[in-house]
Structures are given as C-alpha cells and as structure tokens.
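Source file target29.cif; content: mmCIF, C-alpha atoms.
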```
data_query
loop_
_atom_site.label_atom_id
_atom_site.label_comp_id
_atom_site.auth_asym_id
_atom_site.auth_seq_id
_atom_site.Cartn_x
_atom_site.Cartn_y
_atom_site.Cartn_z
CA MET S 19 93.57 53.38 198.09
CA PRO S 20 92.78 49.71 197.59
CA LYS S 21 89.07 48.99 197.82
CA ASP S 22 89.74 45.91 199.96
CA LEU S 23 91.95 47.66 202.51
CA PRO S 24 91.68 45.36 205.55
CA SER S 25 91.90 48.11 208.15
CA GLY S 26 88.74 49.76 206.93
CA TYR S 27 90.64 53.05 206.84
CA ALA S 28 89.48 53.91 203.32
CA SER S 29 85.81 53.52 204.19
CA ASN S 30 86.14 56.23 206.85
CA TYR S 31 86.55 58.90 204.16
CA ARG S 32 84.26 57.71 201.38
CA GLU S 33 81.49 60.03 202.55
CA ARG S 34 81.78 63.71 201.69
CA ASP S 35 81.33 64.95 205.27
CA ARG S 36 84.01 62.60 206.59
CA ALA S 37 86.39 63.70 203.85
CA ARG S 38 85.77 67.32 204.87
CA ASN S 39 86.38 66.44 208.52
CA TYR S 40 89.73 64.92 207.56
CA LEU S 41 90.75 68.20 205.95
CA ALA S 42 89.49 70.20 208.92
CA LYS S 43 91.56 68.05 211.30
CA TYR S 44 94.74 69.06 209.51
CA ASP S 45 93.70 72.72 209.65
CA ASP S 46 92.68 72.76 213.32
CA GLN S 47 95.53 70.91 215.04
CA TRP S 48 98.82 72.79 215.26
CA THR S 49 100.87 69.59 215.05
CA LYS S 50 99.06 68.66 211.83
CA ARG S 51 99.64 72.15 210.43
CA LEU S 52 103.38 71.87 211.12
CA SER S 53 103.43 68.43 209.50
CA THR S 54 101.60 69.73 206.43
CA ARG S 55 104.02 72.63 206.07
CA ARG S 56 106.96 70.22 206.13
CA GLU S 57 105.23 67.93 203.62
CA LEU S 58 104.59 70.77 201.18
CA LYS S 59 108.28 71.71 201.24
CA LEU S 60 109.42 68.12 200.75
CA ILE S 61 107.06 67.53 197.84
CA ARG S 62 108.17 70.68 196.04
CA ARG S 63 111.82 69.90 196.64
CA LEU S 64 111.49 66.38 195.26
CA LEU S 65 109.37 67.44 192.27
CA ARG S 66 112.01 70.03 191.44
CA GLU S 67 114.63 67.28 191.60
CA ALA S 68 112.48 65.04 189.39
CA SER S 69 112.04 67.76 186.77
CA ALA S 70 115.77 68.42 186.69
CA GLN S 71 116.67 64.74 186.24
CA ALA S 72 113.83 63.63 183.96
CA GLY S 73 112.48 66.72 182.19
CA PRO S 74 109.11 68.51 182.48
CA LEU S 75 106.35 66.78 184.42
CA ASP S 76 103.50 67.61 182.03
CA ARG S 77 101.07 64.91 183.16
CA MET S 78 100.70 63.91 186.80
CA LEU S 79 98.67 61.48 188.94
CA ASP S 80 98.01 61.99 192.65
CA LEU S 81 96.93 58.79 194.42
CA PRO S 82 95.38 58.97 196.95
CA CYS S 83 94.47 62.62 196.62
CA GLY S 84 92.15 62.77 199.64
CA PRO S 85 90.22 66.05 199.74
CA GLY S 86 93.18 67.98 198.31
CA ARG S 87 95.21 68.79 201.41
CA LEU S 88 98.54 68.91 199.53
CA LEU S 89 97.36 70.31 196.19
CA GLY S 90 99.14 73.63 196.70
CA ALA S 91 102.53 71.91 196.49
CA TYR S 92 102.12 70.21 193.13
CA ALA S 93 99.06 71.51 191.19
CA PRO S 94 101.08 74.40 189.64
CA VAL S 95 103.66 71.96 188.19
CA PRO S 96 101.89 69.91 185.45
CA LYS S 97 99.67 70.76 182.48
CA GLU S 98 97.34 67.85 183.20
CA LEU S 99 96.50 66.47 186.64
CA VAL S 100 94.41 63.46 187.68
CA VAL S 101 93.45 63.45 191.36
CA ALA S 102 92.43 59.88 192.21
CA ASP S 103 91.11 58.16 195.30
CA VAL S 104 89.05 55.11 196.19
CA SER S 105 86.55 57.68 197.50
CA SER S 106 84.75 59.55 194.72
CA ALA S 107 83.71 62.13 197.35
CA SER S 108 87.35 62.84 198.20
CA ALA S 109 88.31 63.09 194.52
CA ALA S 110 85.46 65.53 193.90
CA LEU S 111 86.53 67.65 196.89
CA ALA S 112 90.12 67.66 195.63
CA VAL S 113 88.97 69.10 192.30
CA GLU S 114 86.93 71.74 194.14
CA ASN S 115 89.87 72.61 196.40
CA ALA S 116 92.40 72.88 193.57
CA PRO S 117 94.13 76.28 193.33
CA PRO S 118 93.11 78.41 190.30
CA VAL S 119 96.11 77.50 188.13
CA ARG S 120 95.77 78.93 184.61
CA ASP S 121 95.27 76.39 181.82
CA LEU S 122 95.56 73.37 184.15
CA LYS S 123 93.42 70.44 183.03
CA ILE S 124 92.31 68.65 186.19
CA ARG S 125 89.88 65.78 186.71
CA GLY S 126 88.97 63.46 189.54
CA ALA S 127 88.78 59.67 189.39
CA SER S 128 87.74 56.87 191.71
CA VAL S 129 90.29 54.04 191.41
CA ASP S 130 91.72 51.01 193.20
CA ALA S 131 95.44 51.47 193.86
CA LEU S 132 96.03 47.73 193.34
CA ALA S 133 94.54 47.79 189.82
CA LEU S 134 95.03 51.21 188.25
CA PRO S 135 92.94 51.74 185.07
CA PHE S 136 95.68 53.65 183.21
CA PRO S 137 98.02 52.54 180.40
CA ASP S 138 101.69 51.84 181.02
CA ARG S 139 103.79 55.03 181.40
CA HIS S 140 100.69 57.19 180.99
CA PHE S 141 101.93 59.83 183.45
CA ASP S 142 105.21 61.70 183.67
CA CYS S 143 105.01 61.57 187.45
CA VAL S 144 102.98 59.65 190.03
CA LEU S 145 102.55 61.19 193.47
CA SER S 146 101.44 58.81 196.24
CA ILE S 147 101.59 60.25 199.75
CA ARG S 148 100.63 58.44 203.00
CA LEU S 149 99.11 55.30 201.52
CA ALA S 150 101.77 52.58 201.74
CA HIS S 151 101.76 52.36 205.54
CA HIS S 152 98.05 51.44 205.49
CA LEU S 153 98.69 48.35 203.33
CA ARG S 154 98.88 45.07 205.19
CA GLY S 155 101.51 42.54 204.20
CA GLU S 156 104.23 42.41 201.57
CA GLU S 157 101.96 40.99 198.86
CA MET S 158 99.57 43.94 199.00
CA PHE S 159 102.45 46.43 199.12
CA ARG S 160 104.11 44.84 196.08
CA LYS S 161 100.88 45.03 194.08
CA TYR S 162 100.55 48.71 194.91
CA PHE S 163 104.24 49.41 194.26
CA THR S 164 104.13 47.64 190.90
CA GLN S 165 101.08 49.63 189.82
CA ILE S 166 102.41 53.10 190.60
CA LEU S 167 105.70 52.31 188.83
CA ARG S 168 103.90 50.78 185.84
CA VAL S 169 101.87 53.90 185.01
CA SER S 170 104.79 56.33 185.40
CA GLY S 171 107.00 57.19 182.47
CA LYS S 172 109.54 59.31 184.34
CA ALA S 173 109.26 59.56 188.10
CA VAL S 174 107.42 58.37 191.20
CA LEU S 175 107.27 60.35 194.44
CA PHE S 176 105.80 58.24 197.24
CA THR S 177 106.01 57.69 200.98
CA TYR S 178 106.33 54.59 203.12
CA PHE S 179 107.03 53.89 206.78
CA SER S 180 110.71 52.97 207.09
CA SER S 181 111.59 49.97 209.22
CA LYS S 182 114.98 51.61 209.88
CA SER S 183 113.52 54.83 211.30
CA MET S 184 113.86 55.83 214.96
CA LYS S 185 110.06 56.09 215.15
CA ASN S 186 109.65 52.47 214.07
CA ARG S 187 112.27 51.28 216.54
CA LEU S 188 110.48 53.08 219.37
CA ARG S 189 107.21 51.59 218.22
CA GLY S 190 108.81 48.17 218.20
CA ALA S 191 109.65 48.56 221.88
CA ALA S 192 106.04 49.57 222.58
CA VAL S 193 104.78 46.53 220.63
CA ALA S 194 107.04 44.22 222.65
CA ALA S 195 105.57 45.71 225.82
CA GLY S 196 102.06 45.10 224.54
CA ARG S 197 101.14 48.79 224.35
CA ARG S 198 100.96 49.22 220.54
CA THR S 199 100.25 47.19 217.40
CA PRO S 200 102.94 46.70 214.73
CA LYS S 201 103.26 49.33 211.98
CA ASN S 202 103.26 48.37 208.30
CA ALA S 203 106.94 49.21 207.78
CA VAL S 204 109.27 48.44 204.85
CA ASP S 205 113.05 48.13 204.70
CA PRO S 206 114.58 50.86 202.43
CA GLU S 207 116.91 48.25 200.92
CA ARG S 208 113.88 46.30 199.73
CA ILE S 209 112.56 49.47 198.07
CA ARG S 210 115.88 49.90 196.26
CA GLN S 211 115.84 46.29 195.13
CA TRP S 212 112.25 46.33 193.86
CA ALA S 213 112.73 49.71 192.16
CA ASP S 214 115.87 48.44 190.42
CA GLU S 215 114.03 45.37 189.16
CA ALA S 216 111.33 47.65 187.68
CA GLY S 217 113.85 49.90 185.92
CA PHE S 218 113.92 52.74 188.46
CA ARG S 219 116.62 54.17 190.71
CA VAL S 220 116.24 55.88 194.08
CA ALA S 221 117.11 59.53 193.39
CA ALA S 222 116.34 60.86 196.88
CA ALA S 223 114.87 59.74 200.20
CA LEU S 224 114.02 62.37 202.83
CA PRO S 225 112.37 61.79 206.22
CA LEU S 226 109.37 63.82 207.28
CA SER S 227 111.11 64.01 210.68
CA ARG S 228 114.09 62.01 211.89
CA LEU S 229 112.64 61.65 215.39
CA ALA S 230 108.90 62.34 215.25
CA SER S 231 107.98 60.40 212.09
CA GLY S 232 108.95 57.24 210.24
CA HIS S 233 107.57 58.39 206.88
CA LEU S 234 110.24 58.48 204.17
CA TYR S 235 109.53 60.69 201.15
CA THR S 236 111.18 58.87 198.27
CA LEU S 237 111.80 59.92 194.67
CA LEU S 238 112.25 57.19 192.08
CA VAL S 239 113.39 58.07 188.55
CA ARG S 240 113.40 55.76 185.52
CA LYS S 241 116.95 54.75 184.68
CA GLU S 242 116.62 55.77 181.03
CA ALA S 243 115.08 59.19 181.87
CA LYS S 244 117.19 62.08 180.65
CA GLY S 245 117.52 65.53 182.13
CA TRP S 246 117.97 68.83 180.34
CA ASN S 247 120.36 69.56 177.49
CA LEU S 248 121.03 73.29 177.56
CA SER S 249 123.45 75.41 175.59
CA PHE S 250 124.07 78.98 176.73
CA LYS S 251 125.48 80.81 173.74
CA GLY S 252 126.33 84.45 174.25
CA GLY S 253 123.74 85.01 176.97
CA ASP S 254 121.58 83.49 179.63
CA VAL S 255 118.50 82.67 177.55
CA GLN S 256 117.99 79.49 175.56
CA ARG S 257 114.83 79.57 173.43
CA LEU S 258 114.84 75.89 172.48
CA ALA S 259 115.94 73.15 174.86
CA SER S 260 115.56 69.39 175.05
CA ALA S 261 114.87 66.92 177.81
CA GLY S 262 114.14 63.22 177.59
CA GLY S 263 114.49 63.29 173.81
CA ARG S 264 111.80 65.97 173.35
CA SER S 265 112.23 69.63 172.41
CA TYR S 266 110.67 72.43 174.40
CA GLY S 267 110.30 76.13 173.82
CA ALA S 268 111.90 77.34 177.02
CA TYR S 269 113.68 80.18 178.74
CA ALA S 270 116.74 78.99 180.62
CA LYS S 271 118.62 81.29 182.96
CA ARG S 272 121.90 80.56 184.69
CA TYR S 273 122.60 82.37 187.94
CA PRO S 274 126.31 82.74 188.79
CA ALA S 275 127.62 81.09 191.93
CA TRP S 276 127.58 84.37 193.82
CA SER S 277 125.95 87.72 193.20
CA LEU S 278 127.81 90.73 194.55
CA LYS S 279 124.62 92.75 194.26
CA LEU S 280 122.35 90.41 196.21
CA GLY S 281 124.91 88.40 198.18
CA ARG S 282 123.16 85.09 197.52
CA ARG S 283 124.21 81.84 195.90
CA GLY S 284 122.97 81.35 192.37
CA ALA S 285 121.54 77.97 193.36
CA ASP S 286 119.41 79.60 196.06
CA ARG S 287 118.16 82.23 193.62
CA ALA S 288 117.15 79.63 191.03
CA ILE S 289 115.35 77.44 193.56
CA GLY S 290 113.69 80.46 195.16
CA GLU S 291 112.38 81.62 191.81
CA TRP S 292 110.94 78.16 191.11
CA ASP S 293 108.98 78.36 194.36
CA ARG S 294 107.79 81.92 193.74
CA LEU S 295 106.55 81.19 190.24
CA LEU S 296 104.67 78.14 191.50
CA ASP S 297 103.11 80.25 194.27
CA LEU S 298 102.02 82.87 191.74
CA ARG S 299 100.55 80.17 189.49
CA ALA S 300 98.65 78.81 192.48
CA ALA S 301 97.26 82.34 193.00
CA GLY S 302 95.83 82.30 189.47
CA ALA S 303 98.42 84.57 187.86
CA PRO S 304 99.34 84.15 184.16
CA VAL S 305 102.87 83.05 185.02
CA ALA S 306 105.11 81.09 182.68
CA ARG S 307 105.14 77.48 183.89
CA PRO S 308 108.39 76.55 185.67
CA LEU S 309 109.85 73.48 184.00
CA ALA S 310 112.93 72.83 186.13
CA ALA S 311 115.41 74.33 188.57
CA TRP S 312 118.62 72.91 189.95
CA SER S 313 121.98 73.75 191.45
CA GLU S 314 125.28 73.19 189.68
CA ASP S 315 128.74 72.52 191.07
CA GLY S 316 130.20 75.53 192.81
CA GLY S 317 126.87 77.06 193.82
CA ALA S 318 125.59 78.20 190.41
CA GLY S 319 121.90 77.71 189.64
CA VAL S 320 119.72 77.12 186.58
CA MET S 321 116.05 78.00 186.16
CA VAL S 322 113.97 76.85 183.17
CA THR S 323 110.49 78.14 182.34
CA GLU S 324 108.10 77.46 179.50
CA GLU S 325 108.29 79.90 176.62
CA ALA S 326 105.31 82.16 175.89
CA GLU S 327 105.25 81.55 172.15
CA GLY S 328 105.12 84.65 169.96
CA SER S 329 105.49 87.04 172.90
CA LEU S 330 107.83 89.97 173.47
CA SER S 331 108.38 92.03 176.59
CA LEU S 332 106.68 95.40 176.97
CA ARG S 333 110.09 97.01 177.22
CA ASP S 334 111.29 95.48 173.95
CA LEU S 335 108.04 96.43 172.21
CA ALA S 336 108.38 100.02 173.42
CA ARG S 337 112.03 100.22 172.28
CA ALA S 338 111.35 98.94 168.77
CA PRO S 339 112.21 101.36 165.89
CA LYS S 340 108.50 101.49 165.01
CA PRO S 341 106.60 100.63 168.21
CA ASP S 342 103.24 98.89 167.83
CA ALA S 343 101.25 101.26 170.04
CA ALA S 344 98.04 99.18 169.88
CA ARG S 345 99.82 96.02 171.05
CA ILE S 346 101.62 97.92 173.80
CA ARG S 347 98.36 99.46 174.99
CA LYS S 348 96.58 96.10 175.11
CA GLY S 349 99.51 94.55 176.93
CA PHE S 350 99.73 97.36 179.45
CA GLU S 351 95.99 97.23 180.18
CA ALA S 352 96.07 93.45 180.48
CA ALA S 353 99.09 93.60 182.79
CA LEU S 354 97.33 95.98 185.17
CA LYS S 355 94.21 93.78 185.21
CA GLU S 356 96.35 90.76 186.09
CA ILE S 357 98.45 92.56 188.69
CA ALA S 358 95.44 94.07 190.50
CA PRO S 359 94.12 90.78 192.00
CA LEU S 360 97.68 89.82 192.99
CA HIS S 361 98.04 93.11 194.84
CA ALA S 362 94.64 92.54 196.45
CA GLN S 363 95.95 89.20 197.78
CA GLY S 364 98.99 90.92 199.27
CA TRP S 365 101.51 90.08 196.54
CA VAL S 366 104.26 92.43 195.45
CA LEU S 367 106.49 91.74 192.43
CA MET S 368 109.33 94.04 193.54
CA ASP S 369 111.09 94.41 190.23
CA ALA S 370 111.49 96.86 187.35
CA PHE S 371 109.38 94.39 185.51
CA ALA S 372 108.33 95.98 182.20
CA LYS S 373 110.97 93.57 180.87
CA ASN S 374 109.22 90.71 182.68
CA VAL S 375 105.75 91.26 181.19
CA LEU S 376 105.48 89.39 177.89
CA VAL S 377 102.79 90.35 175.38
CA ASP S 378 101.57 88.20 172.48
CA SER S 379 100.08 89.38 169.18
CA VAL S 380 96.56 89.86 170.63
CA GLY S 381 97.67 91.55 173.85
CA ARG S 382 97.57 88.64 176.30
CA VAL S 383 100.28 88.82 178.92
CA THR S 384 102.57 86.32 180.63
CA LEU S 385 104.66 87.13 183.70
CA ILE S 386 108.14 85.66 183.69
CA ASP S 387 111.43 85.91 185.58
CA LEU S 388 110.23 87.44 188.86
CA PRO S 389 113.09 86.62 191.24
CA ARG S 390 111.92 88.92 194.04
CA ALA S 391 108.15 88.41 194.10
CA ALA S 392 106.77 87.96 197.61
CA ARG S 393 103.53 87.82 199.51
CA ILE S 394 103.64 90.56 202.10
CA GLY S 395 99.98 90.69 203.20
CA GLY S 396 98.28 93.79 204.52
CA ALA S 397 95.96 96.25 202.87
CA ALA S 398 96.71 97.25 199.28
CA PRO S 399 98.12 99.30 197.78
CA THR S 400 101.34 99.31 199.76
CA THR S 401 104.40 101.34 198.84
CA PRO S 402 106.13 98.36 197.14
CA GLN S 403 102.98 97.69 195.11
CA VAL S 404 102.84 101.32 193.97
CA TRP S 405 106.48 100.86 192.96
CA ASP S 406 105.38 97.90 190.84
CA LEU S 407 103.00 100.19 188.93
CA ALA S 408 105.57 102.96 188.62
CA ASN S 409 108.11 100.60 187.06
CA LEU S 410 105.56 99.20 184.63
CA TYR S 411 104.45 102.72 183.67
CA ARG S 412 108.05 103.84 183.13
CA GLY S 413 108.49 101.15 180.52
CA VAL S 414 105.64 102.36 178.30
CA ARG S 415 105.45 106.10 179.12
CA PRO S 416 107.04 107.26 175.83
CA ILE S 417 104.42 105.36 173.80
CA LEU S 418 101.03 105.71 175.52
CA ASP S 419 99.19 108.96 176.05
CA ALA S 420 97.83 110.10 179.40
CA ALA S 421 94.22 109.17 178.63
CA VAL S 422 95.13 105.54 178.02
CA LEU S 423 97.24 105.44 181.17
CA ARG S 424 94.45 106.93 183.28
CA ALA S 425 91.83 104.53 181.91
CA ALA S 426 94.07 101.53 182.56
CA LEU S 427 94.83 102.70 186.09
CA GLY S 428 91.09 103.19 186.70
CA SER S 429 90.52 99.56 185.71
CA TYR S 430 93.27 98.49 188.10
CA LEU S 431 91.71 100.43 190.97
CA SER S 432 88.24 99.01 190.27
CA VAL S 433 89.61 95.49 190.77
CA LEU S 434 91.59 96.50 193.83
CA ASN S 435 88.66 98.32 195.41
CA PRO S 436 85.31 97.42 193.77
CA SER S 437 83.34 99.88 195.97
CA PRO S 438 85.27 103.17 196.32
CA PRO S 439 84.05 105.67 198.90
CA GLU S 440 81.58 108.32 197.76
CA GLY S 441 83.33 111.18 196.02
CA GLY S 442 86.40 109.04 195.39
CA GLY S 443 88.07 108.34 192.09
CA LEU S 444 91.06 109.54 190.16
CA PRO S 445 92.18 113.14 190.56
CA ALA S 446 91.69 115.52 187.66
CA GLU S 447 94.68 116.28 185.48
#
```
How does the structure come out when it is put into structure tokens?
Amino acid sequence: MPKDLPSGYASNYRERDRARNYLAKYDDQWTKRLSTRRELKLIRRLLREASAQAGPLDRMLDLPCGPGRLLGAYAPVPKELVVADVSSASAALAVENAPPVRDLKIRGASVDALALPFPDRHFDCVLSIRLAHHLRGEEMFRKYFTQILRVSGKAVLFTYFSSKSMKNRLRGAAVAAGRRTPKNAVDPERIRQWADEAGFRVAAALPLSRLASGHLYTLLVRKEAKGWNLSFKGGDVQRLASAGGRSYGAYAKRYPAWSLKLGRRGADRAIGEWDRLLDLRAAGAPVARPLAAWSEDGGAGVMVTEEAEGSLSLRDLARAPKPDAARIRKGFEAALKEIAPLHAQGWVLMDAFAKNVLVDSVGRVTLIDLPRAARIGGAAPTTPQVWDLANLYRGVRPILDAAVLRAALGSYLSVLNPSPPEGGGLPAE
C-alpha cells in the first residue's frame, strides 16, 4: 500500500495485533469466508490462464500481501515469492502463514506501492488484490498502476472497483441520497487504454460477484509474451518444451476431449489436476511443480509439469533388465515417508501410482501425474489409503524382500501414529 494513503486505512494494520485481527475477521464471519473461497478460485483460475499464455511464473510479487489470507491460492505456483506490504508486521505474518511448499524461496518486504524498489520486469507475475479501491484520485491510481506494470515481465493480476458494476451503480444512488460516500471506482475502458499504452492486453476480467461486489479480478499479459510450444511425437509426454523463448524440462500431457472410462472432458481433467497438484504442494508434498494447464478447442486439455531431472518411475526401475535394487529400496522407503503425512492429513492419491513416483539417483522421490488425488478427511488409514500402499507395494514386490518391506511399512506407521497403543505393532510373519 502507499505510505501516504489518505484514508488512513494502511495504518490500521501496521501493528502485528491489528494484522492478526484482520485475518481473524475473515475466518470468523461466514460472508467473509464465502468471499475468500470465491477469491481463491478466481486467483487460481487467472494464474492458470497467465501461465498458459505467458509461460511459467517462476518469480512472483504479492502486493499488498496483508497477513497472508490468500497465500494458499498462489504460493504453490512460483519458485520465488516476495510478499510485500507497507506494514512490515503484515509481511512478517504472511511469511509465517505461508504453506509449507517444498523448495519455495519466500521473503517479506515493506514497500510503498507508489514507488516499488524493484527493477523493471523483475517478476514474472505481480499479484495485487484489494488495493486499488483504497487509492484516492486518478493521479494516485495511475502511479500505482504504472508501478505494478513496470516490475512485471509477463503478467499482472490485480483488482479494482469497476464503475460499470451493479454494486457501484447502487452505491451511486445511495451517495445521491446522502447515505454513503463515493467509492474509488475506475472505468474498465480506462484500464484497457492504460494497459495498452504500457504494452499489456486485458486477457481476462472476472467479477467477484455480479450483484454483491464491484471488484473486478483482471489479468493483464504483456503483448510480446509467448505461451507454450509443445510437440507431441508418438506419445503424450514432451521432455523439453519452450515458452517465452526459454526452454524447460517439462512433462506435457494431452487429455483427449472425452474419456469413455471416466466420462469427463479432457479440459476438466487437465484443470482439475493443476488444482490437485497445487493443493498437494501446499500440503508440503514433494510434488512436481505445475507449470501450466489449459483447454483446447473441442474440449481437449493440456497439463504441463516441471521435470524431475534424472528421475525414473519406480515401475520403470523395477521393470529394467537389471533392476537397481538399492535405488528402488531407497525410493520405496522415501515414498512411504512422504505419503504418511499426506494420509495423516486426510489425503488419498487413489491411483496405481508406482508409475507416478519418480526416484532420482540418490533415492529422493517426486510425485507426478496424480489425476485423482483428493482430500477425504477422517481418521487414517482409510480403505482408499490402504489401496494406495497396496498399489505402491505391487510395483516393487518382485524386487524387494519382505524384511525391507516390513521396515518401510513400520516407518510409515510411525509417522501416521507416533504413539501406538501398548502391545501394538506389526504382526509377526
């Protein structure tokens, strides 16, 4: 936020306790919870659109971050994240509240939105939610708008209060009657004009609510930004792809328009997998980072994830002419250790997923291509979770002896239930 915000709004949340109270307000009030749920969906949808049109969003800025209310929607997307706010207390809380995403570099910063201390095009994406409507006057808005576009190299996702919205028109009637004060609203055509002058185009504009809110969630993409260049040759996996003139090690999967087995559109499957992988990353799982997902003409879908360099699936390792038993054992043990906390949180992967557990040369694992993962809640282990273990075991059973399997399962159970009842444990063979 600007440090000289005339309304004094920013000063209300510069203290740590007030920043916490702001977060608690959105947790306690059911209307705020509904609004937050809608916001999370909109942000993910627009970030997915941005990644499809402009390539991976490796470096991201959130301004103003507040105490981290919306972090779950976007923290799993980038490799590097700066959460910035005029309030250092809010920025610090946002870092504390960040989900445990593997390998995410995150830092907080106290900044003035009208004079951002970052180089031009420093970020792939700038996220700026619920700030513009607090700015008073066109001059202040233009300063802010210029700054967030200046530091973005690919995309900007921001909100403003639309002067064309039903909410603003109703407010205008209340202002005329002397019951309300005017809202800081902006004409969407002005946004298009100013974005065009800065080299951006409006890629999407979605209302938070057509009747209950005037906030417009708007995605701007640089005109020269390039999406993905994929070539599917003889299969559905592309190991090297390009976007925006850069090459990426990536897995790309194309879902057909319709699946007779599942009865779902390919586009829905691709988008659903994007969301599930982000949710698993937010839970701290070693999931391959989703790079993009989009729908194609006719209902087909494409899903792109980051490649786990030097890794092979457990199934492929076990089927090799001369299986590397040591690597398979390390991978199997590591997979169980990673799956145990997911099961404890109520997750189930619901797939014959020995083929979806990738193992590198030192035994570290990466989960990839989990189109049916879901959070089901309840006490673990459930029947679907036991099925997860059975499928994983089936993939390595010909290679590993019973002692190794029992020891690995014991490690899994110790994570799932750190304090087993007296006399408990694994049954004797």
Open item on the list: I'd like to see the residues matched by the PyMOL selection byres ((chain S and resi 351) around 9) on this file, and ideally I'd get them as a list of chain:residue names.
Closed with: S:Ile346, S:Arg347, S:Lys348, S:Gly349, S:Phe350, S:Ala352, S:Ala353, S:Leu354, S:Lys355, S:Glu356, S:Gly381, S:Val422, S:Leu423, S:Ala425, S:Ala426, S:Leu427, S:Ser429, S:Tyr430
- [ ] One decimal, Å: what's the distance from CA of Arg333 (chain S) over to CA of His361 (chain S), could you say?
- [x]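 Distance between the two atoms: 21.7 Å.
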- [ ] Would you kindly translate the PyMOL selection byres ((chain S and resi 181) around 9) into the concrete residues it picks from this file, as a ChimeraX atom specification?
- [x] /S:179-180,182-187,201-206,232
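Put simply, CA of Lys172 (chain S) is 13.3 Å away from CA of Trp246 (chain S).
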- [ ] Would you kindly return, as a count of residues only, each protein, DNA or RNA residue with an atom no farther than 12 Å from any atom of Ala268 (chain S), considering only C-alpha atoms and excluding same-chain residues fewer than 6 positions away?
- [x] 27
Task: For Pro94 (chain S): contacts at 12 Å, all atoms listed in the file, fewer than 4 positions along chain excluded, given as a PyMOL selection string - done: chain S and resi 62+65-66+75-78+88-90+98-99+116-124+292-309
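Note that CA of Arg287 (chain S) and CA of Leu376 (chain S) are 21.4 Å apart.
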TODO: Output the residue selection produced by the PyMOL selection byres ((chain S and resi 389) around 8) on the file above, formatted as a ChimeraX atom specification.
DONE: /S:287,290-291,294,387-388,390-391
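Closest approach to Phe176 (chain S) from the set S:Pro359, S:Pro225, S:Pro274, S:Gly428 is made by S:Pro225, with distances taken over all atoms listed in the file.
Residues in contact with Ser313 (chain S) at up to 8 Å, not including ones fewer than 5 positions away on its chain and judged by only C-alpha atoms, are S:Gly284, S:Ala285, S:Asp286, S:Ala288, S:Ile289, S:Ala318, S:Gly319, S:Val320.
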Task: Neighbour residues at most 10 Å from (89.2, 65.9, 196.5) (only C-alpha atoms) as number ranges by chain - done: S: 34, 37-38, 41, 82-87, 89, 101-103, 105-116, 125-127
- [ ] Pick out the closest residue to Leu153 (chain S) from this set: S:Leu132, S:Val239, S:Gly171, S:Ala362. Count all atoms listed in the file.
- [x]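 Checking each candidate against Leu153 (chain S), we get S:Leu132 as the closest.
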